[in-house]
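*Asks:* First the structure, then my questions, so here it is.
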Amino acid sequence: MSFISIRDVRFSYDEVAEGKPVTYAVDGVSLDIEEGEFVAVIGHNGCGKSTLAKHLNAMLLPDSGKVIVDGDDTSIEEKTFDIREKVGLVLQNPDNQLVASIVEEDVAFGPENLGVEPEEIRRRVDKALKAVDMYEYREHAPHKLSGGQKQRVAIAGILAIQPQCIVLDEPTAMLDPSGREEVISTLLKLNRDNKITVVLITHYMDEAVLADRVVVMDSGRIVTQGTPDEVFSQVELLKRHRLDVPQSAELAFRLKGCGVKIDKIPLTQSDCVAALEEAMK
Amino acid sequence: MVRDVAFGQYFPTKSVIHRLDPRAKILIFIAYIVIIFCTFNYAALAVTSAFALLFLALSKISPKFYFKSLKVIIFIVIFTSLLNLFYGSGDPLWQWGILSITWNGIHRAIFVTVRIICLILASSCLTFTTSPTELTDAIERLMKPLKVVHFPVHEVAMMMSLALRFVPTLLEETDKIMQAQKARGADLESGGLIKRVKALIPILIPLFVSAFRRAYDVATAMECRCYRGGAGRTRMKQIHMAKRDVFSFIAIALVIGGVIVCNILLTHVI
């Protein structure tokens, strides 16, 4: 069985009342996430991707359907904190996730809540801060850090809980390009070196390209999923769901429409250059 | 602009004062406030001021920052010392209408000035050398006995530490909102008192709205990090009483003793 399995989940923010039509934020989603995977979930604003993210660590419970995390149903109340220990959620605004006035004390917040021994907390905090390259900043005040640094501290705060999976809800939406780069490379490193499962909710296609698997959502449903190559070659489908494709894919797609011979839609700049070179021969 | 407030900041210079147990610091601070208002002659006043200066010197923090925190209250100091100057009893040295200055008034003015300055310096020393987390942790421990009467000690301490954490963030936000409103033509700097207070409304409303939104986000983030109240919680930084804390208690005891002796042996000037 997969690490997280989502079975036909429906969720609505509306009060369910007789005779009133209910709009579902998540409308019948089934998805499996394997251990060690890097999954990107994309979709335009309001497609239900953030709502889905909050289901993964029992912040929200499905109206119908089930979310099973490592064998435990999220709707069982006694398991809530076990699940939050296994699946950490990083939110969009880094400012609002940091609860202490000093970086290392903030990172310690999670393990402190779990009742971990002081020496062990210290060890975990140092390890988490080193994993996100923020160890030198451990005694700084969070409000003096840049956006990317704050978000990395927030990730360290989740890492210190030692989860098997990190879910990130648009962690780069409020960051500048260099901050985005810092956060994404940190995530790739954690996934590769620490074997942490990563679920990245994003609306930046260039980030989604780096994942093992891309899930596309619209109106609370999964539209398509597959490897980045499979997903981003369906340029028309993505456009229909008001999504962009990576710039190089867009270029190749338009050229193809004009009759240029390109077999495979390239996703990165270097692939694109290679494909164009091939086509010009 | 609103951001450079020195009062309430923390400077990690790692001095001996920093390493004192925060509980000891708070207790000494409270004792100090009491004793500073129990000084009735210049010798006693000198003893208490010397104690404050000793702590300041040991804190290894640039005097610049202490001056900055004094600057904020300079008007209060001038105002209260003037009030006291004209309030004294005894033979007037100088008189103009109902205003009169007496020796007693001069003494009072000097005392109140020195007392307020010492008070601000001591509280600055406390906040400069103690991180907000240490401070709230210490308050939580000191208030622990109140749990018997079902006082929510942990919750209060957590609220305090969150409030302290968000002071700079909200100040920054206030700045941003002020600039945004100015860009829309809001006039914040002219007019009388009432007009200026009214001009604050378009700043306060967005600030409140965003503070509530933030609070919701912070609560979500805390829940995501397995926060479930104070029960079963541990702390990374343990606080222990050490020899230096005993020395600091001895120091404050000497000051208290000194003030009492001065008060008994020497004549009171106020």
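By convention here, the chains of the structure tokens are called A, B, ... in the order presented, each chain's residues are numbered starting at 1, and ligands are numbered starting at 1 in the order presented.
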Do a neighbour search on Leu251 in chain A at 12 Å with only C-alpha atoms, toss out local chain neighbours closer than 6 positions, and write the hits as a list in words.

*Replies:*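 Everything that qualifies: Ser233, Val235, Asp244, Val245, Gly257, Cys258, Val260, Ile262, Ile265, Pro266, Leu267, Thr268, Gln269, Asp271, Cys272, Val273, Ala275 and Leu276 of chain A.
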
*Asks:* If we count only C-alpha atoms, which residues of chain B reach to within 10 Å of chain A? Please list them as number ranges by chain.

*Replies:* B: 10, 12, 131-134, 158, 161-169, 172, 213-238

*Asks:* Within 12 Å of Ala131 in chain A, counting only C-alpha atoms, which residues qualify if same-chain residues fewer than 4 places away don't, as a PyMOL selection string?

*Replies:* chain A and resi 124-127+135-136+152-153+155-160+162+183+185-194+196

*Asks:* Provide the CA of Val47 in chain B to CA of Ile101 in chain B distance in Å, to one decimal place.

*Replies:* 27.1 Å

*Asks:* Excluding Leu210 in chain A and its own-chain neighbours fewer than 2 positions away, which residues fall within 12 Å of it when counting only C-alpha atoms? Please give them as JSON, numbers by chain.

*Replies:* {"A": [37, 38, 39, 40, 41, 181, 184, 185, 187, 188, 189, 191, 198, 199, 200, 202, 204, 205, 206, 207, 208, 212, 213, 214, 227, 228, 229, 232, 246, 267, 268]}

*Asks:* Could you name the residues that touch range 60-73 of chain B at 12 Å or less, counting only C-alpha atoms, but leaving out those on the same chain fewer than 5 positions away, as an MDAnalysis selection string?

*Replies:* chainID B and resid 4:18 52:55 78:80 113:114 116:129

*Asks:* Those residues you just picked out, can you put them in a file as a CSV table (one decimal), in the first residue's frame with N, CA and C atoms?

*Replies:*
chain,number,residue,atom,x,y,z
B,4,ASP,N,12.6,52.0,14.4
B,4,ASP,CA,13.8,52.1,15.2
B,4,ASP,C,13.5,52.4,16.7
B,5,VAL,N,12.8,51.6,17.3
B,5,VAL,CA,12.5,51.7,18.7
B,5,VAL,C,13.4,50.7,19.4
B,6,ALA,N,14.3,51.3,20.3
B,6,ALA,CA,15.3,50.4,20.9
B,6,ALA,C,14.6,49.6,22.1
B,7,PHE,N,13.6,50.2,22.7
B,7,PHE,CA,13.0,49.7,23.9
B,7,PHE,C,12.4,48.3,23.5
B,8,GLY,N,12.7,47.3,24.3
B,8,GLY,CA,12.2,46.0,24.1
B,8,GLY,C,12.9,45.1,23.1
B,9,GLN,N,14.1,45.5,22.7
B,9,GLN,CA,14.9,44.7,21.8
B,9,GLN,C,15.8,43.8,22.5
B,10,TYR,N,16.4,42.8,21.8
B,10,TYR,CA,17.3,41.9,22.4
B,10,TYR,C,18.6,41.9,21.7
B,11,PHE,N,19.7,42.1,22.4
B,11,PHE,CA,21.0,42.1,21.8
B,11,PHE,C,21.9,40.9,22.3
B,12,PRO,N,22.1,39.9,21.5
B,12,PRO,CA,22.8,38.8,22.0
B,12,PRO,C,24.4,39.0,22.1
B,13,THR,N,24.8,39.8,23.1
B,13,THR,CA,26.3,40.0,23.2
B,13,THR,C,26.9,39.0,24.1
B,14,LYS,N,26.1,38.0,24.7
B,14,LYS,CA,26.7,36.9,25.5
B,14,LYS,C,27.5,37.4,26.7
B,15,SER,N,27.0,38.4,27.4
B,15,SER,CA,27.7,38.8,28.6
B,15,SER,C,27.3,37.9,29.8
B,16,VAL,N,27.9,38.2,31.0
B,16,VAL,CA,27.5,37.5,32.2
B,16,VAL,C,26.1,37.7,32.5
B,17,ILE,N,25.6,38.9,32.2
B,17,ILE,CA,24.2,39.2,32.5
B,17,ILE,C,23.3,38.4,31.6
B,18,HIS,N,23.7,38.2,30.4
B,18,HIS,CA,22.9,37.3,29.5
B,18,HIS,C,22.8,35.9,30.0
B,52,ALA,N,22.4,49.8,39.3
B,52,ALA,CA,21.9,49.8,37.9
B,52,ALA,C,23.1,50.0,37.0
B,53,LEU,N,24.0,50.9,37.3
B,53,LEU,CA,25.2,51.2,36.4
B,53,LEU,C,26.1,49.9,36.4
B,54,LEU,N,26.2,49.2,37.5
B,54,LEU,CA,27.0,48.0,37.5
B,54,LEU,C,26.4,47.0,36.5
B,55,PHE,N,25.1,46.8,36.6
B,55,PHE,CA,24.5,45.8,35.7
B,55,PHE,C,24.7,46.3,34.2
B,78,ILE,N,10.9,65.1,32.1
B,78,ILE,CA,10.9,66.6,32.2
B,78,ILE,C,9.6,67.0,32.9
B,79,PHE,N,8.5,66.4,32.4
B,79,PHE,CA,7.2,66.8,32.9
B,79,PHE,C,7.0,66.4,34.3
B,80,THR,N,7.3,65.2,34.7
B,80,THR,CA,7.2,64.8,36.1
B,80,THR,C,8.1,65.6,37.0
B,113,THR,N,13.5,62.2,38.9
B,113,THR,CA,14.3,62.0,37.6
B,113,THR,C,15.2,60.8,37.7
B,114,VAL,N,16.0,60.7,38.8
B,114,VAL,CA,16.9,59.6,38.9
B,114,VAL,C,16.1,58.3,39.0
B,116,ILE,N,13.2,57.5,37.7
B,116,ILE,CA,12.6,57.1,36.4
B,116,ILE,C,13.7,56.6,35.5
B,117,ILE,N,14.9,57.3,35.5
B,117,ILE,CA,16.0,56.9,34.6
B,117,ILE,C,16.5,55.5,35.0
B,118,CYS,N,16.6,55.3,36.3
B,118,CYS,CA,17.1,54.0,36.8
B,118,CYS,C,16.1,52.9,36.4
B,119,LEU,N,14.8,53.2,36.5
B,119,LEU,CA,13.7,52.3,36.1
B,119,LEU,C,13.9,51.9,34.7
B,120,ILE,N,14.0,52.9,33.8
B,120,ILE,CA,14.1,52.6,32.4
B,120,ILE,C,15.3,51.9,32.0
B,121,LEU,N,16.5,52.3,32.7
B,121,LEU,CA,17.7,51.6,32.4
B,121,LEU,C,17.6,50.1,32.8
B,122,ALA,N,17.0,49.9,34.0
B,122,ALA,CA,17.0,48.5,34.5
B,122,ALA,C,16.1,47.7,33.6
B,123,SER,N,14.9,48.2,33.2
B,123,SER,CA,14.1,47.4,32.3
B,123,SER,C,14.7,47.2,30.9
B,124,SER,N,15.4,48.2,30.4
B,124,SER,CA,16.1,48.1,29.2
B,124,SER,C,17.2,47.0,29.3
B,125,CYS,N,17.9,47.0,30.4
B,125,CYS,CA,18.9,46.0,30.7
B,125,CYS,C,18.3,44.6,30.7
B,126,LEU,N,17.1,44.5,31.3
B,126,LEU,CA,16.4,43.2,31.3
B,126,LEU,C,16.0,42.7,29.9
B,127,THR,N,15.4,43.6,29.1
B,127,THR,CA,15.0,43.1,27.8
B,127,THR,C,16.1,43.0,26.8
B,128,PHE,N,17.2,43.9,27.0
B,128,PHE,CA,18.3,43.8,26.1
B,128,PHE,C,19.1,42.5,26.2
B,129,THR,N,19.1,42.0,27.5
B,129,THR,CA,19.9,40.8,27.7
B,129,THR,C,19.2,39.5,27.8

*Asks:* Report, in Å to a single decimal, how far apart CA of Ala57 in chain B and CA of Ala109 in chain B are.

*Replies:* 26.1 Å

*Asks:* So how many Å separate CA of His55 in chain A and CA of Ser210 in chain B, to one decimal?

*Replies:*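 Separation between CA of His55 in chain A and CA of Ser210 in chain B: 25.3 Å.
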
*Asks:* For Leu85 in chain B, find every residue with an atom within 8 Å (counting only C-alpha atoms), except residues of its own chain fewer than 5 positions away, and show them as a list in words.

*Replies:* Ile101, Thr102, Gly105, Ile106, His107, Arg108 and Ala109 of chain B

*Asks:* For Arg7 in chain A, find every residue with an atom within 10 Å (counting only C-alpha atoms), except residues of its own chain fewer than 6 positions away, and show them as number ranges by chain.

*Replies:* A: 28-32, 62, 64-68

*Asks:* Put those residues in a file: all heavy atoms, as an mmCIF file, in the first residue's frame.

*Replies:*
data_model
loop_
_atom_site.group_PDB
_atom_site.id
_atom_site.type_symbol
_atom_site.label_atom_id
_atom_site.label_comp_id
_atom_site.auth_asym_id
_atom_site.auth_seq_id
_atom_site.Cartn_x
_atom_site.Cartn_y
_atom_site.Cartn_z
ATOM 1 N N GLY A 28 -14.119 14.659 -5.301
ATOM 2 C CA GLY A 28 -13.879 13.294 -5.762
ATOM 3 C C GLY A 28 -12.461 13.052 -6.246
ATOM 4 O O GLY A 28 -12.243 12.635 -7.378
ATOM 5 N N VAL A 29 -11.503 13.325 -5.371
ATOM 6 C CA VAL A 29 -10.100 13.125 -5.753
ATOM 7 C C VAL A 29 -9.585 11.799 -5.200
ATOM 8 O O VAL A 29 -9.796 11.491 -4.030
ATOM 9 C CB VAL A 29 -9.222 14.287 -5.226
ATOM 10 C CG1 VAL A 29 -7.748 13.946 -5.342
ATOM 11 C CG2 VAL A 29 -9.527 15.553 -5.990
ATOM 12 N N SER A 30 -8.935 11.022 -6.053
ATOM 13 C CA SER A 30 -8.226 9.820 -5.612
ATOM 14 C C SER A 30 -6.785 9.941 -6.081
ATOM 15 O O SER A 30 -6.539 10.269 -7.233
ATOM 16 C CB SER A 30 -8.851 8.564 -6.210
ATOM 17 O OG SER A 30 -10.155 8.417 -5.709
ATOM 18 N N LEU A 31 -5.867 9.712 -5.153
ATOM 19 C CA LEU A 31 -4.458 9.900 -5.503
ATOM 20 C C LEU A 31 -3.616 9.068 -4.552
ATOM 21 O O LEU A 31 -3.934 8.947 -3.370
ATOM 22 C CB LEU A 31 -4.111 11.388 -5.351
ATOM 23 C CG LEU A 31 -2.707 11.848 -5.701
ATOM 24 C CD1 LEU A 31 -2.455 11.697 -7.190
ATOM 25 C CD2 LEU A 31 -2.516 13.310 -5.302
ATOM 26 N N ASP A 32 -2.559 8.457 -5.080
ATOM 27 C CA ASP A 32 -1.633 7.714 -4.234
ATOM 28 C C ASP A 32 -0.280 8.387 -4.270
ATOM 29 O O ASP A 32 0.187 8.795 -5.325
ATOM 30 C CB ASP A 32 -1.495 6.275 -4.730
ATOM 31 C CG ASP A 32 -2.743 5.480 -4.421
ATOM 32 O OD1 ASP A 32 -3.045 5.348 -3.226
ATOM 33 O OD2 ASP A 32 -3.417 5.035 -5.360
ATOM 34 N N PRO A 62 -12.107 14.975 5.292
ATOM 35 C CA PRO A 62 -13.000 14.912 4.132
ATOM 36 C C PRO A 62 -14.471 14.784 4.534
ATOM 37 O O PRO A 62 -14.781 14.163 5.548
ATOM 38 C CB PRO A 62 -12.517 13.668 3.382
ATOM 39 C CG PRO A 62 -11.689 12.895 4.335
ATOM 40 C CD PRO A 62 -11.166 13.843 5.344
ATOM 41 N N SER A 64 -16.614 13.318 2.521
ATOM 42 C CA SER A 64 -16.802 11.904 2.194
ATOM 43 C C SER A 64 -15.504 11.405 1.583
ATOM 44 O O SER A 64 -14.677 12.192 1.136
ATOM 45 C CB SER A 64 -17.970 11.732 1.231
ATOM 46 O OG SER A 64 -17.624 12.226 -0.038
ATOM 47 N N GLY A 65 -15.329 10.087 1.604
ATOM 48 C CA GLY A 65 -14.069 9.526 1.148
ATOM 49 C C GLY A 65 -13.093 9.392 2.294
ATOM 50 O O GLY A 65 -13.435 9.694 3.447
ATOM 51 N N LYS A 66 -11.878 8.968 1.975
ATOM 52 C CA LYS A 66 -10.918 8.669 3.034
ATOM 53 C C LYS A 66 -9.532 9.148 2.652
ATOM 54 O O LYS A 66 -9.163 9.149 1.481
ATOM 55 C CB LYS A 66 -10.837 7.148 3.209
ATOM 56 C CG LYS A 66 -11.683 6.589 4.331
ATOM 57 C CD LYS A 66 -11.379 5.119 4.431
ATOM 58 C CE LYS A 66 -12.170 4.333 5.431
ATOM 59 N NZ LYS A 66 -13.173 4.853 6.242
ATOM 60 N N VAL A 67 -8.757 9.560 3.653
ATOM 61 C CA VAL A 67 -7.335 9.808 3.441
ATOM 62 C C VAL A 67 -6.602 8.884 4.404
ATOM 63 O O VAL A 67 -6.821 8.943 5.614
ATOM 64 C CB VAL A 67 -6.955 11.273 3.732
ATOM 65 C CG1 VAL A 67 -5.469 11.478 3.508
ATOM 66 C CG2 VAL A 67 -7.757 12.223 2.862
ATOM 67 N N ILE A 68 -5.769 7.986 3.855
ATOM 68 C CA ILE A 68 -5.029 7.049 4.698
ATOM 69 C C ILE A 68 -3.551 7.427 4.648
ATOM 70 O O ILE A 68 -2.956 7.482 3.575
ATOM 71 C CB ILE A 68 -5.178 5.594 4.202
ATOM 72 C CG1 ILE A 68 -6.636 5.250 3.915
ATOM 73 C CG2 ILE A 68 -4.542 4.622 5.174
ATOM 74 C CD1 ILE A 68 -7.470 4.923 5.099
#

*Asks:* Output as a PyMOL selection string all residues of range 33-261 of chain B that backbone DSSP marks as strand (DSSP E).

*Replies:* chain B and resi 92-96+99-102

*Asks:* If you run DSSP on the backbone here, which positions in range 19-203 of chain B get alpha helix (DSSP H)? Please write them as a count of residues only.

*Replies:* 135
